[in-house]
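Shown here: final07.cif, mmCIF, C-alpha atoms.
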```cif
data_model
loop_
_atom_site.group_PDB
_atom_site.id
_atom_site.type_symbol
_atom_site.label_atom_id
_atom_site.label_comp_id
_atom_site.auth_asym_id
_atom_site.auth_seq_id
_atom_site.Cartn_x
_atom_site.Cartn_y
_atom_site.Cartn_z
ATOM 1 C CA MET A 1 50.986 69.572 -120.736
ATOM 2 C CA SER A 2 51.925 72.438 -118.449
ATOM 3 C CA LYS A 3 50.581 75.965 -118.742
ATOM 4 C CA ASN A 4 53.978 77.284 -119.943
ATOM 5 C CA ASN A 5 54.098 74.655 -122.704
ATOM 6 C CA ASN A 6 50.659 75.774 -123.884
ATOM 7 C CA TYR A 7 51.930 79.377 -124.216
ATOM 8 C CA ILE A 8 54.997 78.206 -126.131
ATOM 9 C CA PHE A 9 52.801 76.122 -128.455
ATOM 10 C CA ILE A 10 50.504 79.106 -129.068
ATOM 11 C CA ALA A 11 53.477 81.433 -129.702
ATOM 12 C CA ILE A 12 55.097 79.012 -132.176
ATOM 13 C CA GLY A 13 51.751 78.461 -133.935
ATOM 14 C CA THR A 14 51.179 82.213 -134.259
ATOM 15 C CA ILE A 15 54.665 82.836 -135.652
ATOM 16 C CA ALA A 16 54.326 79.915 -138.086
ATOM 17 C CA ALA A 17 50.924 81.164 -139.284
ATOM 18 C CA PHE A 18 52.354 84.641 -139.832
ATOM 19 C CA PHE A 19 55.295 83.441 -141.926
ATOM 20 C CA CYS A 20 53.334 80.794 -143.845
ATOM 21 C CA ALA A 21 50.422 83.078 -144.714
ATOM 22 C CA PRO A 22 49.966 84.026 -148.388
ATOM 23 C CA GLY A 23 51.542 87.271 -149.655
ATOM 24 C CA MET A 24 50.417 90.509 -148.161
ATOM 25 C CA ALA A 25 47.746 92.391 -150.061
ATOM 26 C CA SER A 26 48.864 95.703 -151.455
ATOM 27 C CA ALA A 27 46.731 98.791 -151.625
ATOM 28 C CA ASN A 28 45.787 100.798 -154.668
ATOM 29 C CA GLU A 29 48.162 103.671 -155.333
ATOM 30 C CA PRO A 30 46.745 107.186 -155.297
ATOM 31 C CA VAL A 31 47.570 109.453 -158.203
ATOM 32 C CA ILE A 32 49.495 112.425 -156.854
ATOM 33 C CA PHE A 33 49.636 115.461 -159.089
ATOM 34 C CA ASN A 34 52.991 117.068 -158.420
ATOM 35 C CA PRO A 35 53.521 120.782 -159.055
ATOM 36 C CA ASN A 36 57.299 120.235 -159.123
ATOM 37 C CA ILE A 37 57.572 118.414 -162.450
ATOM 38 C CA PRO A 38 60.788 119.428 -164.268
ATOM 39 C CA ALA A 39 60.140 122.262 -166.745
ATOM 40 C CA HIS A 40 61.282 120.277 -169.805
ATOM 41 C CA GLU A 41 58.873 117.399 -169.002
ATOM 42 C CA TYR A 42 56.038 119.852 -168.364
ATOM 43 C CA GLU A 43 56.737 121.520 -171.727
ATOM 44 C CA ILE A 44 56.836 118.194 -173.620
ATOM 45 C CA VAL A 45 53.501 117.099 -172.142
ATOM 46 C CA GLN A 46 51.864 120.485 -172.683
ATOM 47 C CA ASN A 47 53.051 120.656 -176.309
ATOM 48 C CA PHE A 48 51.766 117.159 -177.030
ATOM 49 C CA LEU A 49 48.315 117.912 -175.614
ATOM 50 C CA SER A 50 47.997 121.237 -177.426
ATOM 51 C CA GLU A 51 48.955 119.606 -180.748
ATOM 52 C CA SER A 52 47.247 116.218 -180.546
ATOM 53 C CA GLN A 53 44.168 117.083 -178.519
ATOM 54 C CA LYS A 54 43.804 120.648 -179.813
ATOM 55 C CA LEU A 55 43.790 121.898 -176.248
ATOM 56 C CA GLU A 56 44.647 125.474 -175.533
ATOM 57 C CA ARG A 57 47.888 125.810 -173.660
ATOM 58 C CA ALA A 58 46.569 125.819 -170.140
ATOM 59 C CA ASP A 59 48.010 125.148 -166.747
ATOM 60 C CA ILE A 60 48.022 121.420 -166.231
ATOM 61 C CA LEU A 61 48.687 119.086 -163.347
ATOM 62 C CA ILE A 62 50.917 116.097 -164.017
ATOM 63 C CA ALA A 63 51.319 112.872 -162.081
ATOM 64 C CA LYS A 64 54.193 110.551 -162.946
ATOM 65 C CA ASN A 65 53.465 106.861 -162.443
ATOM 66 C CA ASP A 66 55.230 103.762 -163.721
ATOM 67 C CA LEU A 67 52.205 101.858 -164.999
ATOM 68 C CA ASN A 68 54.087 98.877 -166.446
ATOM 69 C CA ASP A 69 56.905 98.608 -163.882
ATOM 70 C CA ASP A 70 59.607 99.153 -166.522
ATOM 71 C CA GLY A 71 61.333 101.974 -164.644
ATOM 72 C CA LEU A 72 59.984 104.647 -167.017
ATOM 73 C CA PHE A 73 57.215 106.997 -165.997
ATOM 74 C CA GLU A 74 53.919 107.455 -167.761
ATOM 75 C CA TYR A 75 52.148 110.799 -167.290
ATOM 76 C CA ILE A 76 48.609 111.272 -166.027
ATOM 77 C CA VAL A 77 47.485 114.806 -166.811
ATOM 78 C CA LYS A 78 44.484 116.980 -165.963
ATOM 79 C CA ASP A 79 43.583 120.651 -166.244
ATOM 80 C CA LYS A 80 44.612 122.664 -163.195
ATOM 81 C CA ALA A 81 41.402 124.752 -163.436
ATOM 82 C CA CYS A 82 39.099 121.756 -162.950
ATOM 83 C CA PRO A 83 37.118 122.194 -159.706
ATOM 84 C CA ALA A 84 37.629 119.621 -156.951
ATOM 85 C CA GLY A 85 34.990 116.893 -157.050
ATOM 86 C CA ALA A 86 33.982 117.639 -160.652
ATOM 87 C CA PRO A 87 34.553 115.156 -163.456
ATOM 88 C CA CYS A 88 37.663 116.359 -165.302
ATOM 89 C CA SER A 89 39.322 115.156 -168.474
ATOM 90 C CA HIS A 90 42.363 113.029 -167.714
ATOM 91 C CA TYR A 91 44.978 111.969 -170.249
ATOM 92 C CA ILE A 92 47.451 109.124 -169.891
ATOM 93 C CA LEU A 93 50.608 109.637 -171.932
ATOM 94 C CA ALA A 94 53.602 107.398 -172.466
ATOM 95 C CA GLU A 95 56.878 107.551 -174.304
ATOM 96 C CA ASN A 96 57.325 105.118 -177.175
ATOM 97 C CA GLN A 97 60.587 105.160 -179.146
ATOM 98 C CA GLY A 98 61.244 108.784 -178.217
ATOM 99 C CA GLN A 99 57.710 109.948 -179.065
ATOM 100 C CA ILE A 100 54.901 110.834 -176.661
ATOM 101 C CA ILE A 101 51.743 108.814 -177.335
ATOM 102 C CA LEU A 102 48.245 108.945 -175.880
ATOM 103 C CA ILE A 103 47.290 105.653 -174.207
ATOM 104 C CA GLY A 104 44.065 106.712 -172.493
ATOM 105 C CA THR A 105 41.617 109.559 -171.954
ATOM 106 C CA PHE A 106 38.627 109.713 -169.657
ATOM 107 C CA LYS A 107 36.577 111.970 -167.405
ATOM 108 C CA ALA A 108 36.934 111.332 -163.694
ATOM 109 C CA LYS A 109 36.397 112.940 -160.318
ATOM 110 C CA ASN A 110 39.256 110.889 -158.921
ATOM 111 C CA ILE A 111 41.506 108.064 -160.076
ATOM 112 C CA THR A 112 43.826 105.543 -158.488
ATOM 113 C CA ILE A 113 46.292 103.032 -159.845
ATOM 114 C CA SER A 114 45.140 99.503 -159.073
ATOM 115 C CA ASP A 115 47.471 96.872 -157.697
ATOM 116 C CA GLN A 116 45.936 94.534 -160.305
ATOM 117 C CA HIS A 117 47.583 94.142 -163.734
ATOM 118 C CA THR A 118 46.320 93.290 -167.212
ATOM 119 C CA HIS A 119 49.019 92.235 -169.686
ATOM 120 C CA GLY A 120 51.627 93.555 -167.224
ATOM 121 C CA ILE A 121 50.087 97.057 -167.066
ATOM 122 C CA HIS A 122 48.377 98.421 -163.936
ATOM 123 C CA ASP A 123 44.608 98.781 -164.157
ATOM 124 C CA ILE A 124 43.173 102.267 -163.607
ATOM 125 C CA LEU A 125 40.274 102.840 -161.204
ATOM 126 C CA VAL A 126 38.054 105.760 -162.212
ATOM 127 C CA TYR A 127 35.707 107.242 -159.633
ATOM 128 C CA ASN A 128 32.636 109.086 -160.928
ATOM 129 C CA HIS A 129 29.713 107.554 -159.051
ATOM 130 C CA LYS A 130 27.358 110.204 -157.700
ATOM 131 C CA THR A 131 26.723 108.557 -154.333
ATOM 132 C CA SER A 132 29.612 106.178 -153.682
ATOM 133 C CA ASP A 133 33.368 106.571 -153.705
ATOM 134 C CA TYR A 134 33.643 102.782 -153.474
ATOM 135 C CA ARG A 135 32.302 101.962 -156.944
ATOM 136 C CA PRO A 136 35.047 102.666 -159.454
ATOM 137 C CA ARG A 137 34.988 101.811 -163.133
ATOM 138 C CA ILE A 138 37.938 99.625 -163.968
ATOM 139 C CA TYR A 139 39.975 100.333 -167.069
ATOM 140 C CA LYS A 140 42.291 97.614 -168.312
ATOM 141 C CA TRP A 141 45.104 97.608 -170.809
ATOM 142 C CA ASP A 142 44.230 96.307 -174.273
ATOM 143 C CA ALA A 143 47.521 94.962 -175.634
ATOM 144 C CA ARG A 144 46.220 94.742 -179.200
ATOM 145 C CA LEU A 145 45.123 98.396 -179.336
ATOM 146 C CA MET A 146 47.870 99.669 -176.977
ATOM 147 C CA HIS A 147 45.201 101.655 -175.126
ATOM 148 C CA TYR A 148 43.142 101.480 -171.925
ATOM 149 C CA LYS A 149 39.562 100.168 -172.255
ATOM 150 C CA ASP A 150 36.583 100.022 -169.911
ATOM 151 C CA ALA A 151 36.606 96.515 -168.398
ATOM 152 C CA ASP A 152 32.785 96.300 -168.368
ATOM 153 C CA THR A 153 31.902 97.649 -171.797
ATOM 154 C CA GLN A 154 35.207 96.978 -173.586
ATOM 155 C CA ALA A 155 34.879 100.492 -175.044
ATOM 156 C CA GLU A 156 37.944 102.647 -175.413
ATOM 157 C CA ILE A 157 38.159 105.460 -172.937
ATOM 158 C CA ASP A 158 37.015 108.815 -174.229
#
```

Could you render the structure as structure tokens?
Amino acid sequence: MSKNNNYIFIAIGTIAAFFCAPGMASANEPVIFNPNIPAHEYEIVQNFLSESQKLERADILIAKNDLNDDGLFEYIVKDKACPAGAPCSHYILAENQGQIILIGTFKAKNITISDQHTHGIHDILVYNHKTSDYRPRIYKWDARLMHYKDADTQAEID
């Protein structure tokens, strides 16, 4: 076999390996709190939290994420006054038949949306570890309770 044939064989093998490899891994999605949420959505979320959670009407930060890939956004909310790096209360809200419902609450320094799903709903990664940003708690969707639960303890988020 000539030297040129070896290069062709290597090139074809590399291309074949690339196209035959299993699906590409996807990364976890950061939660981005957007200050430009439409005023009517901001008002709906703020009213729900002040009524259901007895929170004073405060400035809040809202992130819109589609957690179940249905084309409708769920809202992840935290208090704007929470200092960076401190554990803050986070609320996950969804719309169900025209009503806003609470589907999760927890304290976190940082959160991301996992590329992993439970019952078709993205898992939530909650970062609170004092010494490592690489040790999140994983919260999974409980289809029976319609709420996120801690994957390790099976306790509802609070």

Quiz item: A:Val126, A:Met146, A:Leu102, A:Ile111: which is nearest Glu29 of chain A, counting all atoms listed in the file?
Solution: A:Ile111

Self-check item: Residues matched by the PyMOL selection byres ((chain A and resi 35) around 8) as a PyMOL selection string
Solution: chain A and resi 33-34+36-37+61-62

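Evaluated against this file, the PyMOL selection byres ((chain A and resi 96-98) around 12) yields Ile44, Leu72, Phe73, Glu74, Leu93, Ala94, Glu95, Gln99, Ile100, Ile101, Leu102, Ile103 and Met146 of chain A.
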
Would you mind listing, for every residue of segment 27-71 of chain A within 12 Å of segment 77-80 of chain A, the two atoms forming the shortest contact and the distance between them in Å to one decimal, using all atoms listed in the file, sorted by chain and ascending residue number, as a tab-separated table?
```
residue	atom	partner	partner_atom	distance
A:Val31	CA	A:Val77	CA	10.1
A:Ile32	CA	A:Val77	CA	10.4
A:Phe33	CA	A:Val77	CA	8.0
A:Asn34	CA	A:Val77	CA	10.3
A:Pro35	CA	A:Lys80	CA	10.0
A:Ile37	CA	A:Val77	CA	11.6
A:Glu41	CA	A:Val77	CA	11.9
A:Tyr42	CA	A:Val77	CA	10.1
A:Val45	CA	A:Val77	CA	8.4
A:Gln46	CA	A:Val77	CA	9.3
A:Phe48	CA	A:Val77	CA	11.3
A:Leu49	CA	A:Val77	CA	9.4
A:Leu55	CA	A:Asp79	CA	10.1
A:Glu56	CA	A:Asp79	CA	10.5
A:Arg57	CA	A:Asp79	CA	10.0
A:Ala58	CA	A:Asp79	CA	7.1
A:Asp59	CA	A:Lys80	CA	5.5
A:Ile60	CA	A:Asp79	CA	4.5
A:Leu61	CA	A:Lys78	CA	5.4
A:Ile62	CA	A:Val77	CA	4.6
A:Ala63	CA	A:Val77	CA	6.4
A:Lys64	CA	A:Val77	CA	8.8
A:Asn65	CA	A:Val77	CA	10.9
```

Exercise. Quick one: pull the distance between atom CA of Leu67 of chain A and atom CA of Lys107 of chain A, Å, one decimal.
Key: 18.8 Å

For the structure shown, which residues end up in the PyMOL selection byres ((chain A and resi 129) around 12)? Put them as a PDB file with C-alpha atoms, keeping the file's coordinate frame, please?
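Now in selection24.pdb:
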```pdb
ATOM      1  CA  GLY A  85      34.990 116.893-157.050  1.00  0.00           C
ATOM      2  CA  ALA A  86      33.982 117.639-160.652  1.00  0.00           C
ATOM      3  CA  PRO A  87      34.553 115.156-163.456  1.00  0.00           C
ATOM      4  CA  LYS A 107      36.577 111.970-167.405  1.00  0.00           C
ATOM      5  CA  ALA A 108      36.934 111.332-163.694  1.00  0.00           C
ATOM      6  CA  LYS A 109      36.397 112.940-160.318  1.00  0.00           C
ATOM      7  CA  ASN A 110      39.256 110.889-158.921  1.00  0.00           C
ATOM      8  CA  ILE A 111      41.506 108.064-160.076  1.00  0.00           C
ATOM      9  CA  LEU A 125      40.274 102.840-161.204  1.00  0.00           C
ATOM     10  CA  VAL A 126      38.054 105.760-162.212  1.00  0.00           C
ATOM     11  CA  TYR A 127      35.707 107.242-159.633  1.00  0.00           C
ATOM     12  CA  ASN A 128      32.636 109.086-160.928  1.00  0.00           C
ATOM     13  CA  LYS A 130      27.358 110.204-157.700  1.00  0.00           C
ATOM     14  CA  THR A 131      26.723 108.557-154.333  1.00  0.00           C
ATOM     15  CA  SER A 132      29.612 106.178-153.682  1.00  0.00           C
ATOM     16  CA  ASP A 133      33.368 106.571-153.705  1.00  0.00           C
ATOM     17  CA  TYR A 134      33.643 102.782-153.474  1.00  0.00           C
ATOM     18  CA  ARG A 135      32.302 101.962-156.944  1.00  0.00           C
ATOM     19  CA  PRO A 136      35.047 102.666-159.454  1.00  0.00           C
ATOM     20  CA  ARG A 137      34.988 101.811-163.133  1.00  0.00           C
TER      21      ARG A 137
END
```

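When all atoms listed in the file are used to compute distances to Gly120 of chain A, the closest of the residues A:Ser50, A:Asn28, A:Asn68, A:Thr105 turns out to be A:Asn68.
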
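The space separating atom CA of His147 of chain A from atom CA of Ser52 of chain A comes to 15.7 Å.
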
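You will find atom CA of His117 of chain A at 13.9 Å from atom CA of Asp150 of chain A.
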
Quiz item: Which residue, A:His122, A:Ala81, A:Asp152, A:Leu145, has the smallest gap to Asp66 of chain A when you use all atoms listed in the file?
Solution: A:His122

As AutoDock Vina command-line options, what would the box around segment 110-119 of chain A look like: edges along x, y and z, 5 Å added on every side, centre and edge lengths in Å to one decimal?
```
--center_x 44.1 --center_y 101.6 --center_z -163.7 --size_x 19.8 --size_y 28.7 --size_z 22.0
```

Exercise. Mind checking which residues fall within 10 Å of Ile121 of chain A, counting only C-alpha atoms, ignoring those fewer than 6 positions away in the same chain, and posting them as a ChimeraX atom specification?
Key: /A:66-70,114-115,140-143,148

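With all atoms listed in the file as the basis for measurement, A:Ile76 is the residue among A:Ala151, A:Ile76, A:Ile113, A:Ile138 that approaches Ser89 of chain A most closely.
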
Would you mind completing segment 98-124 of chain A to N, CA and C atoms and writing the output as a PDB file, keeping the file's coordinate frame?
```
ATOM      1  N   GLY A  98      60.921 107.368-178.208  1.00  0.00           N
ATOM      2  CA  GLY A  98      61.244 108.784-178.217  1.00  0.00           C
ATOM      3  C   GLY A  98      60.078 109.706-178.515  1.00  0.00           C
ATOM      4  N   GLN A  99      58.904 109.145-178.765  1.00  0.00           N
ATOM      5  CA  GLN A  99      57.710 109.948-179.065  1.00  0.00           C
ATOM      6  C   GLN A  99      56.703 109.813-177.923  1.00  0.00           C
ATOM      7  N   ILE A 100      55.988 110.889-177.636  1.00  0.00           N
ATOM      8  CA  ILE A 100      54.901 110.834-176.661  1.00  0.00           C
ATOM      9  C   ILE A 100      53.661 110.320-177.378  1.00  0.00           C
ATOM     10  N   ILE A 101      52.983 109.351-176.766  1.00  0.00           N
ATOM     11  CA  ILE A 101      51.743 108.814-177.335  1.00  0.00           C
ATOM     12  C   ILE A 101      50.648 108.850-176.281  1.00  0.00           C
ATOM     13  N   LEU A 102      49.418 108.949-176.741  1.00  0.00           N
ATOM     14  CA  LEU A 102      48.245 108.945-175.880  1.00  0.00           C
ATOM     15  C   LEU A 102      47.798 107.502-175.703  1.00  0.00           C
ATOM     16  N   ILE A 103      47.715 107.036-174.451  1.00  0.00           N
ATOM     17  CA  ILE A 103      47.290 105.653-174.207  1.00  0.00           C
ATOM     18  C   ILE A 103      45.973 105.570-173.447  1.00  0.00           C
ATOM     19  N   GLY A 104      45.373 106.714-173.139  1.00  0.00           N
ATOM     20  CA  GLY A 104      44.065 106.712-172.493  1.00  0.00           C
ATOM     21  C   GLY A 104      43.572 108.113-172.217  1.00  0.00           C
ATOM     22  N   THR A 105      42.268 108.308-172.350  1.00  0.00           N
ATOM     23  CA  THR A 105      41.617 109.559-171.954  1.00  0.00           C
ATOM     24  C   THR A 105      40.295 109.199-171.311  1.00  0.00           C
ATOM     25  N   PHE A 106      39.912 109.948-170.297  1.00  0.00           N
ATOM     26  CA  PHE A 106      38.627 109.713-169.657  1.00  0.00           C
ATOM     27  C   PHE A 106      38.291 110.888-168.748  1.00  0.00           C
ATOM     28  N   LYS A 107      37.015 110.980-168.378  1.00  0.00           N
ATOM     29  CA  LYS A 107      36.577 111.970-167.405  1.00  0.00           C
ATOM     30  C   LYS A 107      36.465 111.269-166.054  1.00  0.00           C
ATOM     31  N   ALA A 108      36.968 111.935-165.021  1.00  0.00           N
ATOM     32  CA  ALA A 108      36.934 111.332-163.694  1.00  0.00           C
ATOM     33  C   ALA A 108      36.954 112.403-162.616  1.00  0.00           C
ATOM     34  N   LYS A 109      36.284 112.095-161.511  1.00  0.00           N
ATOM     35  CA  LYS A 109      36.397 112.940-160.318  1.00  0.00           C
ATOM     36  C   LYS A 109      37.702 112.631-159.600  1.00  0.00           C
ATOM     37  N   ASN A 110      38.053 111.348-159.609  1.00  0.00           N
ATOM     38  CA  ASN A 110      39.256 110.889-158.921  1.00  0.00           C
ATOM     39  C   ASN A 110      39.703 109.590-159.582  1.00  0.00           C
ATOM     40  N   ILE A 111      40.996 109.328-159.546  1.00  0.00           N
ATOM     41  CA  ILE A 111      41.506 108.064-160.076  1.00  0.00           C
ATOM     42  C   ILE A 111      42.565 107.507-159.137  1.00  0.00           C
ATOM     43  N   THR A 112      42.728 106.202-159.189  1.00  0.00           N
ATOM     44  CA  THR A 112      43.826 105.543-158.488  1.00  0.00           C
ATOM     45  C   THR A 112      44.403 104.481-159.415  1.00  0.00           C
ATOM     46  N   ILE A 113      45.620 104.097-159.110  1.00  0.00           N
ATOM     47  CA  ILE A 113      46.292 103.032-159.845  1.00  0.00           C
ATOM     48  C   ILE A 113      46.056 101.742-159.071  1.00  0.00           C
ATOM     49  N   SER A 114      45.456 100.771-159.722  1.00  0.00           N
ATOM     50  CA  SER A 114      45.140  99.503-159.073  1.00  0.00           C
ATOM     51  C   SER A 114      46.406  98.676-158.867  1.00  0.00           C
ATOM     52  N   ASP A 115      46.373  97.815-157.878  1.00  0.00           N
ATOM     53  CA  ASP A 115      47.471  96.872-157.697  1.00  0.00           C
ATOM     54  C   ASP A 115      47.298  95.664-158.623  1.00  0.00           C
ATOM     55  N   GLN A 116      46.184  95.600-159.338  1.00  0.00           N
ATOM     56  CA  GLN A 116      45.936  94.534-160.305  1.00  0.00           C
ATOM     57  C   GLN A 116      46.518  94.921-161.664  1.00  0.00           C
ATOM     58  N   HIS A 117      46.966  93.920-162.421  1.00  0.00           N
ATOM     59  CA  HIS A 117      47.583  94.142-163.734  1.00  0.00           C
ATOM     60  C   HIS A 117      46.808  93.404-164.817  1.00  0.00           C
ATOM     61  N   THR A 118      46.811  93.965-166.016  1.00  0.00           N
ATOM     62  CA  THR A 118      46.320  93.290-167.212  1.00  0.00           C
ATOM     63  C   THR A 118      47.424  93.393-168.253  1.00  0.00           C
ATOM     64  N   HIS A 119      47.902  92.277-168.730  1.00  0.00           N
ATOM     65  CA  HIS A 119      49.019  92.235-169.686  1.00  0.00           C
ATOM     66  C   HIS A 119      50.239  92.989-169.149  1.00  0.00           C
ATOM     67  N   GLY A 120      50.458  92.925-167.833  1.00  0.00           N
ATOM     68  CA  GLY A 120      51.627  93.555-167.224  1.00  0.00           C
ATOM     69  C   GLY A 120      51.491  95.052-166.982  1.00  0.00           C
ATOM     70  N   ILE A 121      50.325  95.621-167.242  1.00  0.00           N
ATOM     71  CA  ILE A 121      50.087  97.057-167.066  1.00  0.00           C
ATOM     72  C   ILE A 121      49.049  97.236-165.957  1.00  0.00           C
ATOM     73  N   HIS A 122      49.321  98.166-165.033  1.00  0.00           N
ATOM     74  CA  HIS A 122      48.377  98.421-163.936  1.00  0.00           C
ATOM     75  C   HIS A 122      47.016  98.845-164.473  1.00  0.00           C
ATOM     76  N   ASP A 123      45.963  98.319-163.860  1.00  0.00           N
ATOM     77  CA  ASP A 123      44.608  98.781-164.157  1.00  0.00           C
ATOM     78  C   ASP A 123      44.422 100.163-163.539  1.00  0.00           C
ATOM     79  N   ILE A 124      43.499 100.925-164.099  1.00  0.00           N
ATOM     80  CA  ILE A 124      43.173 102.267-163.607  1.00  0.00           C
ATOM     81  C   ILE A 124      41.761 102.224-163.030  1.00  0.00           C
TER      82      ILE A 124
END
```
